[in-house]
Amino acid sequence: MDEQELLRRLREAFKMESGERLASLSTRLMELEKCADAEQCQEILEVMYREAHSLKGAARAVNLNDIETISQSMEGVLGAMKRGEISPSPALFNTIHEVVSFIENFLAREQQSATKEEVAAVLQQIEALHTAAPPAAAPPKPPPVPAPPAEKIDVKPVMATDAGKNDAAPATAAPPPPKSAPKPQPAGVNPQLTSTVRISTARLDKLLLKAEEMIAVKLSVSQEVQELKKLCHIFDRWQRKWAVKESRFRRLRKANSLEEGRVEARGAEMQKFLDWNRDFMQSMHKDIRVLTKTAERNQRFLDRKINYFLEDMKHVIMLPCATLFAPFPRMVRELGRSQGKEIDLDLKGDDIEIDRRILEELKDPLVHLLRNCIDHGVEKPEDRRRLGKPERGRIFLHIERIEGGKVEITLGDDGKGIDPDMVRNSAVKRGLISAEDAAKLTEKEAQGLIFHSGMSTAQAVSKLSGRGLGMAIFLERVEKLGGQLDFASIPDKGSSFSVTLPLSLATFRGTLVQVAGQLFLAPSSHLIAVLQVNTDVIRTVENKATITYDGDPLSLVGLADILQMKNPAIRREMDKVQVMVLGTSQRRIGFEVDEVLAEQEVLFKELGKQLKRVKNIAGATILGTGQVVPILNVHDLLKSAVGSAGDRGLSARVKKEERMKKSILVVEDSITSRTLLKSILEAAGYEVKTAVDGVDGYTKLKMNPIDLVLSDVEMPRMSGFELTEKIRADAELADTPLILCTSLASKEDRERGVQVGANAYIVKSNFDQSNLLGVIEKLI
């Protein structure tokens, strides 16, 4: 290995190590800001001092001189604070936070370098702390603002271990221990843990996949045991019938012998064969019973071993929630201060371990929700004083284990809450719902409209929020993980969002159902009930089948109809039908099936790149028989059922049926604009296809029936103007309505748009969602 490759690998390792150390520095700095006990403050400073020292040494080892110099300066400041030469102050805390952020950004750069001016500016900031007024002349640190007991902060330290780096082990007391004493461990570190090993997540994922594939082996063995049991039952039936026939045969043979005085040679041969056949079958029956018992014993052993193996693998990929929580306190502090708000973040449950894949999927949605709490939820100090609230706002993020191997994550604030009237008005303005339907919504149903794509109550788009996509993405991510979402909000009191998720994604339980002769698997996590329904209790309400479940009306649809199967087996002529009630936190619907067979654990398989998105189907599995069975996508099914049977959830009164018949082609080269327009139009109920430029758009327009084209102007290969001219010159497409949506705002560009044949010209700088939807409605 050459020196360059070695240095590259060392720097990759340093990047991982420094990430942990910087996270620890940031967490301890947040603790130090709120610390009022002198002894505890000394312990925190000692930890921070050692982290800075270790960061300096590690940077020196990989030739990152700038990081080494900055770390050394920071170490000097922390050392001076330990000795009482520098007093804590808001300016000092802000400076150290900025230094940590600088190092993080430095390491995130591809070249891992900074200009001399940038480094000099950081060093100057740190040196300025040394020249501050001495402690005696400095004003005393104000005591922390008292808060009600329920708002007490309970921040647990982030666990971080890295054996072999002795400098990384911070002391827990001051002054430092003598050289002969062992170094104390940082808070949260298990003293019995003597070593750690770093391994890439890609390798862990491969290992987990191989472990999960053992489920297929378990199912196959189980199926073989069942087949052996069936053979035993067949032999049992044969033996019972043979016992009856044999006694009759013996009586008949005895009677013939008395009458004729002899047994014919042919009859003797038949008797001999029958005796041999009986002995042979009985011997085979015995062997099969022994084989079945052995197979059952082996199956139990294999099940136990595979279950233990999978359980161990689950623990390997599970991480404490502290890995997810670590950046949040600093983020809340910085974003809150940028808006002139003082906010405390109350964290609980950071020691609970969750599947790493779930944590990764949840990180961005939780960050968005935290941003919403800061931007929309917590009020400014003057507003909170007027409402009789503490000046410091409170955001809480709690995680706790609940029954059934699940975890509940609750995030909320004590801010202004969700105003249902404001949400109603915004939804009407954006074309998501009519004013008449909005008036019929309950308070919680109105608040629930925030989960619609394109929905926002913000007056303007800010850096934190206001685009109307975050809450919809949050709900989509929770549903993808097989979770349930609920919320509660009281105006001027606050809001909370609760997410229930499995602790691990390693196993999947499903209920096997038969529909029109085809097997499907429904996720058990979304199966509410299985019912036997008398056909005479099925009522028709507004031309939609309805039954009563749990005292409430429940829409009923045929699963075969929703899946568009050729021969749906809707058995209305029978006295009873089987109904599978599926649901989420938003809605629930009854699906009629031919038969509900059994629940079982299976291995979930993606459909692959070729079938990345199949409506109503989430994936597939292989049964023990070798049969491939599709796994139903419950969220797709519920959406598909809305058009055929109605929906009593939050979107029950949002009338989309007429719009769903219309299709729109969005031609836009910017993936961001394309995604935003697609989300807005789909939320309004349109079927949307997309194209990346004019050539792609014209090709798709020729191949698909399109009701309207919405196109950008400045695109590679073929501009929007050229596309419009080409469409108007095509006899088959000439009448297709076309809207140009572009950043070109000059009078000449507008006139050219009209000249080439555009029906409408919308400038992006003046873009208004309701205006766009209004224009589309007029055209189609």
# chains A, B, ... in the order shown; residues from 1 in each chain; ligands from 1
>>> residues_around(residues="His526 of chain A", least_positions_apart="6", cutoff="7 Å", atoms="only C-alpha atoms", output="ChimeraX atom specification")
/A:582-584
>>> residues_around(residues="segment 68-75 of chain A", least_positions_apart="3", cutoff="12 Å", atoms="only C-alpha atoms", output="NGL selection string")
:A and (18 or 21-22 or 25 or 45-65 or 78-82 or 92-93 or 95-100 or 102-103 or 106 or 114 or 118-130)
>>> residues_around(residues="segment 615-631 of chain A", least_positions_apart="6", cutoff="6 Å", atoms="only C-alpha atoms", output="compact mmCIF listing (two decimals) with C-alpha atoms, in the first residue's frame")
# COMPACT_ATOMS: atom_id res chain seq x y z
CA LEU A 219 -40.27 -21.90 6.38
CA SER A 220 -39.15 -24.58 3.95
CA GLN A 223 -43.49 -26.94 5.07
CA PHE A 520 -51.52 -12.28 -1.04
CA LEU A 521 -49.85 -11.30 2.23
CA LEU A 603 -38.80 -12.66 4.63
CA PHE A 604 -39.72 -9.37 2.96
CA LYS A 605 -38.15 -8.93 -0.48
CA GLU A 606 -38.05 -5.76 -2.57
CA LEU A 607 -39.40 -6.07 -6.11
CA LEU A 637 -54.77 0.11 -0.96
>>> closest_residue(among="A:Gln339, A:Gln299, A:Ser24, A:Thr500", to="Glu403 of chain A", atoms="only C-alpha atoms")
A:Thr500
>>> residues_around(residues="Leu531 of chain A", least_positions_apart="5", cutoff="12 Å", atoms="only C-alpha atoms", output="ChimeraX atom specification")
/A:547-550,556,576-582,590-596
>>> write_last_selection(atoms="N, CA, C and O atoms", output="compact mmCIF listing (two decimals), in the first residue's frame")
# COMPACT_ATOMS: atom_id res chain seq x y z
N ILE A 547 -70.51 -1.35 6.06
CA ILE A 547 -70.89 -2.21 7.17
C ILE A 547 -70.65 -1.44 8.46
O ILE A 547 -70.09 -0.34 8.45
N THR A 548 -71.10 -2.01 9.57
CA THR A 548 -70.87 -1.40 10.87
C THR A 548 -69.81 -2.19 11.62
O THR A 548 -69.91 -3.41 11.74
N TYR A 549 -68.79 -1.46 12.08
CA TYR A 549 -67.73 -2.11 12.85
C TYR A 549 -67.38 -1.22 14.04
O TYR A 549 -67.14 -0.02 13.89
N ASP A 550 -67.39 -1.83 15.20
CA ASP A 550 -67.07 -1.11 16.43
C ASP A 550 -67.98 0.10 16.63
O ASP A 550 -67.56 1.14 17.15
N LEU A 556 -66.71 -0.66 2.67
CA LEU A 556 -66.39 -2.04 2.28
C LEU A 556 -66.15 -2.10 0.78
O LEU A 556 -66.97 -1.63 -0.01
N LYS A 576 -72.54 -15.38 4.05
CA LYS A 576 -71.51 -14.63 4.76
C LYS A 576 -70.30 -14.40 3.85
O LYS A 576 -70.04 -15.19 2.95
N VAL A 577 -69.61 -13.31 4.12
CA VAL A 577 -68.36 -13.02 3.41
C VAL A 577 -67.29 -12.72 4.44
O VAL A 577 -67.59 -12.28 5.56
N GLN A 578 -66.04 -12.98 4.08
CA GLN A 578 -64.93 -12.66 4.97
C GLN A 578 -64.40 -11.28 4.65
O GLN A 578 -64.17 -10.93 3.49
N VAL A 579 -64.20 -10.49 5.70
CA VAL A 579 -63.74 -9.11 5.55
C VAL A 579 -62.47 -8.92 6.38
O VAL A 579 -62.41 -9.29 7.55
N MET A 580 -61.48 -8.34 5.74
CA MET A 580 -60.21 -8.02 6.39
C MET A 580 -60.18 -6.50 6.58
O MET A 580 -60.20 -5.74 5.59
N VAL A 581 -60.17 -6.04 7.82
CA VAL A 581 -60.15 -4.61 8.11
C VAL A 581 -58.70 -4.15 8.22
O VAL A 581 -57.96 -4.58 9.11
N LEU A 582 -58.30 -3.29 7.29
CA LEU A 582 -56.95 -2.74 7.29
C LEU A 582 -57.02 -1.25 7.61
O LEU A 582 -58.00 -0.58 7.25
N GLY A 590 -62.70 -1.81 5.16
CA GLY A 590 -62.87 -3.25 5.09
C GLY A 590 -62.68 -3.75 3.67
O GLY A 590 -63.23 -3.19 2.73
N PHE A 591 -61.89 -4.82 3.52
CA PHE A 591 -61.63 -5.41 2.20
C PHE A 591 -62.19 -6.83 2.19
O PHE A 591 -61.81 -7.66 3.03
N GLU A 592 -63.07 -7.11 1.25
CA GLU A 592 -63.65 -8.44 1.13
C GLU A 592 -62.66 -9.37 0.43
O GLU A 592 -62.10 -9.04 -0.62
N VAL A 593 -62.45 -10.55 1.01
CA VAL A 593 -61.54 -11.54 0.46
C VAL A 593 -62.25 -12.89 0.40
O VAL A 593 -63.29 -13.09 1.04
N ASP A 594 -61.69 -13.81 -0.36
CA ASP A 594 -62.27 -15.15 -0.42
C ASP A 594 -62.04 -15.91 0.87
O ASP A 594 -62.93 -16.57 1.39
N GLU A 595 -60.82 -15.80 1.40
CA GLU A 595 -60.49 -16.57 2.60
C GLU A 595 -59.27 -15.98 3.29
O GLU A 595 -58.31 -15.56 2.63
N VAL A 596 -59.31 -15.92 4.61
CA VAL A 596 -58.15 -15.56 5.42
C VAL A 596 -57.54 -16.86 5.93
O VAL A 596 -58.20 -17.61 6.65
>>> select_by_dssp(residues="segment 229-403 of chain A", states="strand (DSSP E or B)", output="ChimeraX atom specification")
/A:318-320,343-348,353-355,393-402
>>> closest_residue(among="A:Gly494, A:Lys245, A:Lys480, A:Gly405", to="His376 of chain A", atoms="only C-alpha atoms")
A:Gly494
>>> residues_around(residues="segment 323-327 of chain A", least_positions_apart="4", cutoff="9 Å", atoms="only C-alpha atoms", output="list in words")
Ala23, Ser24, Ser26, Thr27, Pro157, Val158, Met159, Leu319, Met331, Val332, Leu347, Asp350, Leu359, Glu360, Leu362, Lys363 and Leu397 of chain A
>>> atom_distance(atom1="atom CA of Phe451 of chain A", atom2="atom CA of Ile473 of chain A")
8.2 Å
>>> residues_around(residues="segment 204-218 of chain A", least_positions_apart="2", cutoff="12 Å", atoms="only C-alpha atoms", output="JSON, numbers by chain")
{"A": [198, 199, 200, 201, 202, 220, 221, 222, 223, 224, 225, 296, 298, 299, 300, 301, 302, 303, 304, 305, 306, 307, 308, 309, 310, 311, 312, 313, 314, 315, 316, 317, 318, 355, 356, 357, 504, 505, 506, 507, 508, 509, 600, 601, 602, 603, 604, 605, 621, 622, 623, 624, 625, 626, 627, 628]}
>>> write_last_selection(atoms="C-alpha atoms", output="compact mmCIF listing (two decimals), in the first residue's frame")
# COMPACT_ATOMS: atom_id res chain seq x y z
CA ARG A 198 -15.35 -0.52 13.52
CA ILE A 199 -17.12 -2.21 10.63
CA SER A 200 -18.84 -0.63 7.65
CA THR A 201 -22.63 -0.59 7.68
CA ALA A 202 -22.62 -2.08 4.17
CA SER A 220 -39.15 -24.58 3.95
CA VAL A 221 -38.39 -27.04 6.75
CA SER A 222 -41.73 -26.23 8.35
CA GLN A 223 -43.49 -26.94 5.07
CA GLU A 224 -41.69 -30.29 4.74
CA VAL A 225 -42.80 -31.26 8.24
CA GLU A 296 -40.33 -32.19 14.04
CA ASN A 298 -35.01 -31.06 13.93
CA GLN A 299 -37.46 -28.30 13.02
CA ARG A 300 -37.75 -27.18 16.63
CA PHE A 301 -33.96 -27.18 16.96
CA LEU A 302 -33.50 -25.26 13.70
CA ASP A 303 -36.24 -22.76 14.61
CA ARG A 304 -34.60 -22.11 17.95
CA LYS A 305 -31.14 -21.64 16.43
CA ILE A 306 -32.39 -19.38 13.63
CA ASN A 307 -34.45 -17.31 16.05
CA TYR A 308 -31.44 -16.87 18.34
CA PHE A 309 -29.26 -16.00 15.36
CA LEU A 310 -31.72 -13.42 14.08
CA GLU A 311 -32.16 -11.97 17.55
CA ASP A 312 -28.39 -11.58 17.91
CA MET A 313 -28.18 -9.95 14.49
CA LYS A 314 -30.94 -7.54 15.45
CA HIS A 315 -28.86 -6.42 18.42
CA VAL A 316 -25.81 -5.97 16.19
CA ILE A 317 -27.61 -3.41 13.99
CA MET A 318 -29.47 -1.70 16.83
CA ASP A 355 -32.79 -0.67 14.38
CA ARG A 356 -30.17 1.51 12.70
CA ARG A 357 -32.20 1.54 9.48
CA SER A 504 -36.51 -3.71 14.31
CA LEU A 505 -37.16 -4.28 10.62
CA ALA A 506 -35.39 -7.64 10.61
CA THR A 507 -38.61 -9.68 10.62
CA PHE A 508 -41.96 -9.27 8.92
CA ARG A 509 -45.25 -10.84 9.98
CA GLN A 600 -46.81 -16.24 9.60
CA GLU A 601 -43.35 -14.76 9.72
CA VAL A 602 -41.80 -14.25 6.29
CA LEU A 603 -38.80 -12.66 4.63
CA PHE A 604 -39.72 -9.37 2.96
CA LYS A 605 -38.15 -8.93 -0.48
CA THR A 621 -42.02 -13.22 -0.25
CA ILE A 622 -41.43 -16.91 -0.90
CA LEU A 623 -43.48 -19.40 1.07
CA GLY A 624 -42.12 -22.71 2.29
CA THR A 625 -43.77 -24.34 -0.73
CA GLY A 626 -41.61 -22.21 -3.03
CA GLN A 627 -44.58 -20.12 -4.15
CA VAL A 628 -43.94 -16.40 -4.64
>>> decode(residues="segment 374-474 of chain A", atoms="C-alpha atoms", output="compact mmCIF listing (two decimals), in the first residue's frame")
# COMPACT_ATOMS: atom_id res chain seq x y z
CA ILE A 374 -39.04 26.21 16.39
CA ASP A 375 -40.47 28.16 13.46
CA HIS A 376 -44.25 27.68 13.86
CA GLY A 377 -44.67 26.39 17.39
CA VAL A 378 -42.66 28.17 20.08
CA GLU A 379 -43.49 31.88 20.37
CA LYS A 380 -41.06 34.75 20.87
CA PRO A 381 -40.29 35.68 24.53
CA GLU A 382 -42.51 38.80 24.48
CA ASP A 383 -45.47 36.81 23.16
CA ARG A 384 -44.95 34.09 25.77
CA ARG A 385 -44.88 36.69 28.57
CA ARG A 386 -48.16 38.11 27.29
CA LEU A 387 -49.71 34.62 27.36
CA GLY A 388 -48.45 33.95 30.88
CA LYS A 389 -45.89 31.36 29.76
CA PRO A 390 -42.20 31.10 30.79
CA GLU A 391 -39.98 33.11 28.46
CA ARG A 392 -38.00 30.00 27.58
CA GLY A 393 -39.94 27.72 25.28
CA ARG A 394 -39.92 23.95 25.67
CA ILE A 395 -39.61 21.24 23.01
CA PHE A 396 -39.73 17.63 24.15
CA LEU A 397 -38.60 14.47 22.42
CA HIS A 398 -39.35 11.27 24.34
CA ILE A 399 -38.88 7.64 23.34
CA GLU A 400 -40.23 4.69 25.30
CA ARG A 401 -40.80 0.99 24.75
CA ILE A 402 -44.38 -0.23 24.52
CA GLU A 403 -46.02 -3.63 24.15
CA GLY A 404 -45.52 -5.84 21.12
CA GLY A 405 -41.83 -5.12 20.51
CA LYS A 406 -42.56 -1.53 19.50
CA VAL A 407 -41.36 1.91 20.43
CA GLU A 408 -43.27 5.18 20.75
CA ILE A 409 -41.61 8.45 19.78
CA THR A 410 -43.32 11.63 20.96
CA LEU A 411 -42.18 15.06 19.80
CA GLY A 412 -43.93 18.31 20.65
CA ASP A 413 -43.75 21.81 22.08
CA ASP A 414 -45.57 24.16 24.46
CA GLY A 415 -46.12 26.76 21.75
CA LYS A 416 -49.08 28.14 19.84
CA GLY A 417 -50.47 24.83 18.60
CA ILE A 418 -52.22 24.24 15.26
CA ASP A 419 -55.00 26.70 14.48
CA PRO A 420 -57.74 24.64 12.73
CA ASP A 421 -59.32 27.72 11.12
CA MET A 422 -55.99 28.84 9.67
CA VAL A 423 -55.42 25.33 8.27
CA ARG A 424 -58.93 25.26 6.74
CA ASN A 425 -58.43 28.62 5.04
CA SER A 426 -55.00 27.66 3.74
CA ALA A 427 -56.30 24.34 2.38
CA VAL A 428 -59.14 26.12 0.57
CA LYS A 429 -56.77 28.73 -0.82
CA ARG A 430 -54.42 26.05 -2.14
CA GLY A 431 -57.23 24.12 -3.77
CA LEU A 432 -56.90 21.04 -1.56
CA ILE A 433 -60.50 21.22 -0.40
CA SER A 434 -63.64 23.23 -1.10
CA ALA A 435 -64.91 25.81 1.37
CA GLU A 436 -68.10 23.79 1.82
CA ASP A 437 -66.20 20.61 2.67
CA ALA A 438 -63.76 22.49 4.90
CA ALA A 439 -66.63 23.75 7.02
CA LYS A 440 -67.77 20.17 7.69
CA LEU A 441 -64.42 19.03 9.09
CA THR A 442 -64.01 18.52 12.81
CA GLU A 443 -61.22 20.40 14.57
CA LYS A 444 -58.83 17.43 14.49
CA GLU A 445 -59.70 16.60 10.87
CA ALA A 446 -58.93 20.20 9.90
CA GLN A 447 -55.61 20.08 11.77
CA GLY A 448 -54.84 16.78 10.04
CA LEU A 449 -54.84 18.51 6.65
CA ILE A 450 -51.26 19.59 7.40
CA PHE A 451 -50.18 16.12 6.26
CA HIS A 452 -51.30 16.81 2.67
CA SER A 453 -48.52 17.47 0.20
CA GLY A 454 -48.27 21.16 -0.65
CA MET A 455 -50.07 22.21 2.53
CA SER A 456 -48.57 25.01 4.63
CA THR A 457 -49.93 27.79 6.80
CA ALA A 458 -46.76 29.85 6.51
CA GLN A 459 -47.18 33.31 5.01
CA ALA A 460 -43.77 33.02 3.35
CA VAL A 461 -41.19 30.34 2.70
CA SER A 462 -38.31 30.54 5.18
CA LYS A 463 -35.04 28.65 5.50
CA LEU A 464 -36.67 26.46 8.15
CA SER A 465 -40.11 25.68 6.72
CA GLY A 466 -43.06 26.83 4.65
CA ARG A 467 -42.81 24.69 1.50
CA GLY A 468 -45.69 22.40 2.42
CA LEU A 469 -43.83 19.13 1.83
CA GLY A 470 -42.25 18.26 5.19
CA MET A 471 -45.28 16.94 7.05
CA ALA A 472 -46.38 14.86 4.05
CA ILE A 473 -42.87 13.38 3.82
CA PHE A 474 -42.89 12.73 7.57
